[in-house]
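Below is final.cif, holding mmCIF, C-alpha atoms and all ligand atoms.
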data_run
loop_
_atom_site.label_atom_id
_atom_site.label_comp_id
_atom_site.auth_asym_id
_atom_site.auth_seq_id
_atom_site.Cartn_x
_atom_site.Cartn_y
_atom_site.Cartn_z
CA MET V 1 -7.53 18.81 -1.73
CA ASN V 2 -4.12 18.85 -3.38
CA MET V 3 -2.17 15.69 -2.49
CA ASN V 4 1.03 17.72 -2.08
CA SER V 5 -0.44 19.54 0.88
CA LEU V 6 -1.24 16.21 2.60
CA ILE V 7 1.84 14.09 1.99
CA GLU V 8 5.41 14.33 0.78
CA ILE V 9 8.05 11.91 -0.51
CA ARG V 10 11.24 11.71 1.55
CA GLU V 11 14.24 9.40 1.59
CA THR V 12 14.26 6.64 4.23
CA HIS V 13 16.71 3.84 5.15
CA VAL V 14 14.88 1.59 2.66
CA GLY V 15 14.49 4.06 -0.23
CA LYS V 16 11.76 6.60 -0.76
CA GLY V 17 8.85 6.82 1.64
CA VAL V 18 5.58 8.73 2.01
CA PHE V 19 5.25 11.09 4.99
CA ALA V 20 2.30 12.95 6.45
CA LYS V 21 2.27 16.76 6.24
CA HIS V 22 -1.10 16.66 7.94
CA ARG V 23 -2.75 14.76 10.78
CA PHE V 24 -4.79 11.81 9.50
CA LEU V 25 -7.64 10.26 11.47
CA VAL V 26 -8.67 6.60 11.57
CA THR V 27 -10.75 5.48 8.54
CA GLN V 28 -9.79 8.64 6.64
CA LEU V 29 -9.21 8.15 2.92
CA VAL V 30 -5.69 9.22 1.98
CA GLY V 31 -6.26 8.81 -1.74
CA THR V 32 -6.67 6.50 -4.70
CA ILE V 33 -3.60 4.56 -5.80
CA GLU V 34 -3.24 5.54 -9.43
CA GLY V 35 -1.22 3.52 -11.87
CA GLN V 36 -1.18 1.15 -14.78
CA GLN V 37 -3.45 -1.91 -14.67
CA VAL V 38 -1.82 -4.96 -16.24
CA SER V 39 -3.93 -7.92 -17.37
CA ASP V 40 -1.13 -10.49 -17.06
CA PRO V 41 -1.60 -12.34 -13.73
CA ASN V 42 2.07 -13.42 -13.85
CA TYR V 43 3.27 -9.82 -13.96
CA GLY V 44 5.54 -9.01 -11.05
CA SER V 45 7.47 -6.07 -9.68
CA ALA V 46 8.62 -4.83 -6.30
CA TYR V 47 5.68 -2.43 -6.10
CA CYS V 48 2.73 -4.10 -7.81
CA PHE V 49 -0.58 -4.97 -6.15
CA ASP V 50 -2.78 -7.94 -7.03
CA LEU V 51 -6.29 -6.65 -7.71
CA GLU V 52 -7.60 -10.23 -7.34
CA ASN V 53 -9.70 -9.90 -10.49
CA GLY V 54 -7.05 -11.08 -12.94
CA MET V 55 -5.45 -7.65 -13.01
CA VAL V 56 -2.32 -6.30 -11.37
CA LEU V 57 -1.74 -2.64 -10.57
CA GLU V 58 1.68 -1.09 -11.10
CA PRO V 59 1.28 1.96 -8.87
CA ALA V 60 2.40 5.45 -9.79
CA ALA V 61 3.91 8.03 -7.44
CA PRO V 62 3.24 9.12 -4.75
CA PHE V 63 1.68 5.93 -3.35
CA ARG V 64 4.18 3.75 -5.21
CA TYR V 65 6.52 4.70 -2.38
CA VAL V 66 4.39 3.61 0.59
CA ASN V 67 6.69 1.28 2.52
CA HIS V 68 5.89 -1.89 4.41
CA SER V 69 5.58 -2.03 8.19
CA CYS V 70 4.65 -4.99 10.38
CA ASP V 71 2.72 -2.40 12.45
CA PRO V 72 1.18 -0.28 9.67
CA ASN V 73 -0.94 2.87 10.02
CA CYS V 74 -2.66 2.48 6.65
CA GLU V 75 -4.33 -0.29 4.72
CA ILE V 76 -5.31 -0.92 1.12
CA GLU V 77 -8.91 -1.55 0.18
CA PHE V 78 -10.63 -2.38 -3.09
CA PHE V 79 -13.06 0.15 -4.49
CA ASP V 80 -15.35 -1.31 -7.17
CA GLU V 81 -17.36 0.72 -9.64
CA HIS V 82 -19.92 -0.54 -12.09
CA ASP V 83 -20.93 1.45 -15.14
CA PRO V 84 -24.57 0.56 -15.93
CA ASN V 85 -24.26 1.95 -19.46
CA THR V 86 -21.35 -0.20 -20.58
CA GLU V 87 -21.91 -3.07 -18.07
CA GLN V 88 -18.21 -2.72 -17.27
CA SER V 89 -16.82 -3.05 -13.77
CA SER V 90 -13.58 -1.49 -12.70
CA ARG V 91 -11.60 -1.89 -9.53
CA SER V 92 -9.36 0.69 -7.93
CA LEU V 93 -7.23 0.58 -4.84
CA ILE V 94 -7.63 3.13 -2.11
CA LEU V 95 -5.33 3.91 0.79
CA MET V 96 -7.18 4.17 4.11
CA VAL V 97 -5.90 5.21 7.53
CA CYS V 98 -6.19 2.45 10.18
CA ARG V 99 -4.30 4.21 13.00
CA GLU V 100 -4.06 7.94 13.66
CA ILE V 101 -1.07 9.51 11.89
CA GLN V 102 0.72 12.60 13.17
CA VAL V 103 2.52 15.22 11.08
CA GLY V 104 5.94 13.91 10.02
CA GLU V 105 5.06 10.24 10.50
CA GLU V 106 5.66 7.81 7.65
CA LEU V 107 2.59 6.21 6.04
CA THR V 108 2.95 2.43 5.93
CA ILE V 109 0.97 -0.63 4.91
CA ASP V 110 1.42 -4.36 5.49
CA TYR V 111 2.55 -5.85 2.16
CA ASN V 112 1.36 -9.34 3.18
CA TRP V 113 3.59 -10.98 0.59
CA ASP V 114 3.68 -14.72 -0.12
CA ALA V 115 6.57 -16.64 1.42
CA THR V 116 8.09 -17.11 -2.05
CA ASN V 117 8.50 -13.32 -2.42
CA ALA V 118 9.54 -12.58 1.16
CA ILE V 119 12.57 -10.43 1.91
CA ARG V 120 14.11 -9.38 5.25
CA CYS V 121 12.08 -6.68 7.00
CA LEU V 122 13.77 -3.57 8.34
CA CYS V 123 10.64 -1.80 9.57
CA GLY V 124 11.80 -1.58 13.19
CA ALA V 125 8.33 -2.15 14.67
CA GLU V 126 8.19 -3.82 18.09
CA ASN V 127 6.16 -6.67 16.60
CA CYS V 128 8.32 -6.94 13.46
CA ARG V 129 8.00 -10.41 11.91
CA GLY V 130 11.59 -10.21 10.59
CA TRP V 131 10.40 -10.76 7.04
CA ILE V 132 8.11 -8.85 4.70
CA VAL V 133 5.57 -11.64 4.45
CA ALA V 134 1.96 -12.34 5.35
CA PRO V 135 1.64 -13.53 8.99
CA GLU V 136 0.12 -16.85 7.92
CA GLU V 137 3.03 -17.48 5.53
CA LEU V 138 5.79 -16.80 8.08
CA ALA V 139 6.10 -20.45 9.16
CA GLU V 140 7.06 -21.42 5.61
CA ILE V 141 10.23 -19.33 5.81
CA LYS V 142 11.52 -20.60 9.15
ZN ZN U 1 8.82 -5.61 10.08
#

Since I need it in another form, could you write the structure as structure tokens?
Amino acid sequence: MNMNSLIEIRETHVGKGVFAKHRFLVTQLVGTIEGQQVSDPNYGSAYCFDLENGMVLEPAAPFRYVNHSCDPNCEIEFFDEHDPNTEQSSRSLILMVCREIQVGEELTIDYNWDATNAIRCLCGAENCRGWIVAPEELAEIK
């Protein structure tokens, strides 16, 4: 299905965000996060994801714009493929639904950043941690 019929990019109070044009059910695959894989483990940007295999993914639109929430409705999972002909393995990131999403709702994930990268969180969730940081790292900020 065409991604543009499922989601759209809109402006939010923290920059661009990804919104549902469709109802998404729990465990539904939203899509693969396309982008450039960088082999430098010290590479950093506001959007990049650690693939935990020595590679970092700099995501392309539209999923580049999935914002953080402390109460997210999506999560990121690794998807590994092995090519038996070349003996090469490759890892992609997929965006999965973890809570039902209604039309017009923003798609969010938990960034789970390290304390060293944490910034103030403006997600507005009832259980907001106050910082964009992994729960187990929160104590290091306070
Ligand atoms: Zn928050």

Kindly compile the residues surrounding ligand ZN 1 (chain U) within 6 Å, counting all atoms listed in the file, and format them as an MDAnalysis selection string. chainID V and resid 69:70 121:125 128:130

Determine the nearest neighbour of V:Arg99 from the options V:Pro62, V:Pro72, V:Pro41, V:Gly54, counting all atoms listed in the file.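 Of all the options, V:Pro72 lies closest to V:Arg99.
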
Considering all atoms listed in the file, state which residue in the set V:Glu75, V:Glu105, V:Glu137, V:Glu34 is at the smallest distance from V:Arg91. V:Glu34

For atom CA of V:Thr86 and atom CA of V:Gln37, quote the distance in Å rounded to one decimal. 18.9 Å

In Å, with one decimal, what is the gap from atom CA of V:Phe24 to atom CA of V:Leu95? 11.8 Å

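Compared by their closest atoms to V:Val30, and using all atoms listed in the file, the residues V:Asn73, V:Asn127, V:Thr116, V:Asn53 rank with V:Asn73 nearest.
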
Nearby residues (all atoms listed in the file) at most 12 Å from V:Ala139, same-chain spacing under 3 positions excluded, as a PDB file with C-alpha atoms, in the frame of the given file:
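The result, stored in selection-v6.pdb:
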ATOM      1  CA  ASP V 114       3.680 -14.720  -0.120  1.00  0.00           C
ATOM      2  CA  ALA V 115       6.570 -16.640   1.420  1.00  0.00           C
ATOM      3  CA  THR V 116       8.090 -17.110  -2.050  1.00  0.00           C
ATOM      4  CA  ALA V 118       9.540 -12.580   1.160  1.00  0.00           C
ATOM      5  CA  ARG V 129       8.000 -10.410  11.910  1.00  0.00           C
ATOM      6  CA  GLY V 130      11.590 -10.210  10.590  1.00  0.00           C
ATOM      7  CA  TRP V 131      10.400 -10.760   7.040  1.00  0.00           C
ATOM      8  CA  VAL V 133       5.570 -11.640   4.450  1.00  0.00           C
ATOM      9  CA  ALA V 134       1.960 -12.340   5.350  1.00  0.00           C
ATOM     10  CA  PRO V 135       1.640 -13.530   8.990  1.00  0.00           C
ATOM     11  CA  GLU V 136       0.120 -16.850   7.920  1.00  0.00           C
ATOM     12  CA  LYS V 142      11.520 -20.600   9.150  1.00  0.00           C
TER      13      LYS V 142
END

Quick one: everything within 9 Å of V:Val14, counting all atoms listed in the file, minus sequence neighbours fewer than 2 positions away in the same chain. Send it as a PyMOL selection string. chain V and resi 11-12+16-17+67+122-123

Distance of atom CA of V:Glu58 from atom CA of V:Ser39, expressed in Å to one decimal place: 10.8 Å

Local residues around (3.3, 7.4, -1.8), at most 8 Å away, using all atoms listed in the file, as a list in words: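 Looking at atoms near the point gives Ile7, Glu8, Ile9, Gly17, Val18, Phe19, Ala61, Pro62, Phe63, Arg64, Tyr65, Val66 and Leu107 of chain V.
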
Residues near V:Asp50, anyone? I mean within 12 Å using all atoms listed in the file, not counting same-chain ones fewer than 2 positions away, as JSON, numbers by chain. {"V": [37, 38, 39, 40, 41, 42, 43, 44, 45, 46, 47, 48, 52, 53, 54, 55, 56, 57, 58, 59, 76, 77, 78, 91, 92, 93, 111, 112, 113, 114]}

Limited to C-alpha atoms, could you put the picked residues into a file as a CSV table (one decimal), in the coordinates of the input?
chain,number,residue,atom,x,y,z
V,37,GLN,CA,-3.4,-1.9,-14.7
V,38,VAL,CA,-1.8,-5.0,-16.2
V,39,SER,CA,-3.9,-7.9,-17.4
V,40,ASP,CA,-1.1,-10.5,-17.1
V,41,PRO,CA,-1.6,-12.3,-13.7
V,42,ASN,CA,2.1,-13.4,-13.8
V,43,TYR,CA,3.3,-9.8,-14.0
V,44,GLY,CA,5.5,-9.0,-11.0
V,45,SER,CA,7.5,-6.1,-9.7
V,46,ALA,CA,8.6,-4.8,-6.3
V,47,TYR,CA,5.7,-2.4,-6.1
V,48,CYS,CA,2.7,-4.1,-7.8
V,52,GLU,CA,-7.6,-10.2,-7.3
V,53,ASN,CA,-9.7,-9.9,-10.5
V,54,GLY,CA,-7.0,-11.1,-12.9
V,55,MET,CA,-5.4,-7.6,-13.0
V,56,VAL,CA,-2.3,-6.3,-11.4
V,57,LEU,CA,-1.7,-2.6,-10.6
V,58,GLU,CA,1.7,-1.1,-11.1
V,59,PRO,CA,1.3,2.0,-8.9
V,76,ILE,CA,-5.3,-0.9,1.1
V,77,GLU,CA,-8.9,-1.6,0.2
V,78,PHE,CA,-10.6,-2.4,-3.1
V,91,ARG,CA,-11.6,-1.9,-9.5
V,92,SER,CA,-9.4,0.7,-7.9
V,93,LEU,CA,-7.2,0.6,-4.8
V,111,TYR,CA,2.6,-5.8,2.2
V,112,ASN,CA,1.4,-9.3,3.2
V,113,TRP,CA,3.6,-11.0,0.6
V,114,ASP,CA,3.7,-14.7,-0.1

Can you sort out the box for stretch 88-95 of chain V, edges along x, y and z, all listed atoms in, 6 Å on every side, with centre and edge lengths in Å to one decimal, as AutoDock Vina command-line options?
--center_x -11.8 --center_y 0.4 --center_z -8.2 --size_x 24.9 --size_y 19.0 --size_z 30.1

Quick one: residues within 10 Å of V:Leu6, only C-alpha atoms, excluding same-chain residues fewer than 4 positions away - as a list in words? Met1, Asn2, Phe19, Ala20, Lys21, His22, Arg23, Phe24, Val30, Gly31 and Val103 of chain V

With only C-alpha atoms as the atoms that count, which of V:Thr27, V:Asp71, V:Gly15, V:Arg10 lies nearest to V:Ile94? V:Thr27

Given all atoms listed in the file as the basis, pick out the residue of V:Glu81, V:Leu51, V:Val26, V:Glu140 nearest to V:Ile101. V:Val26
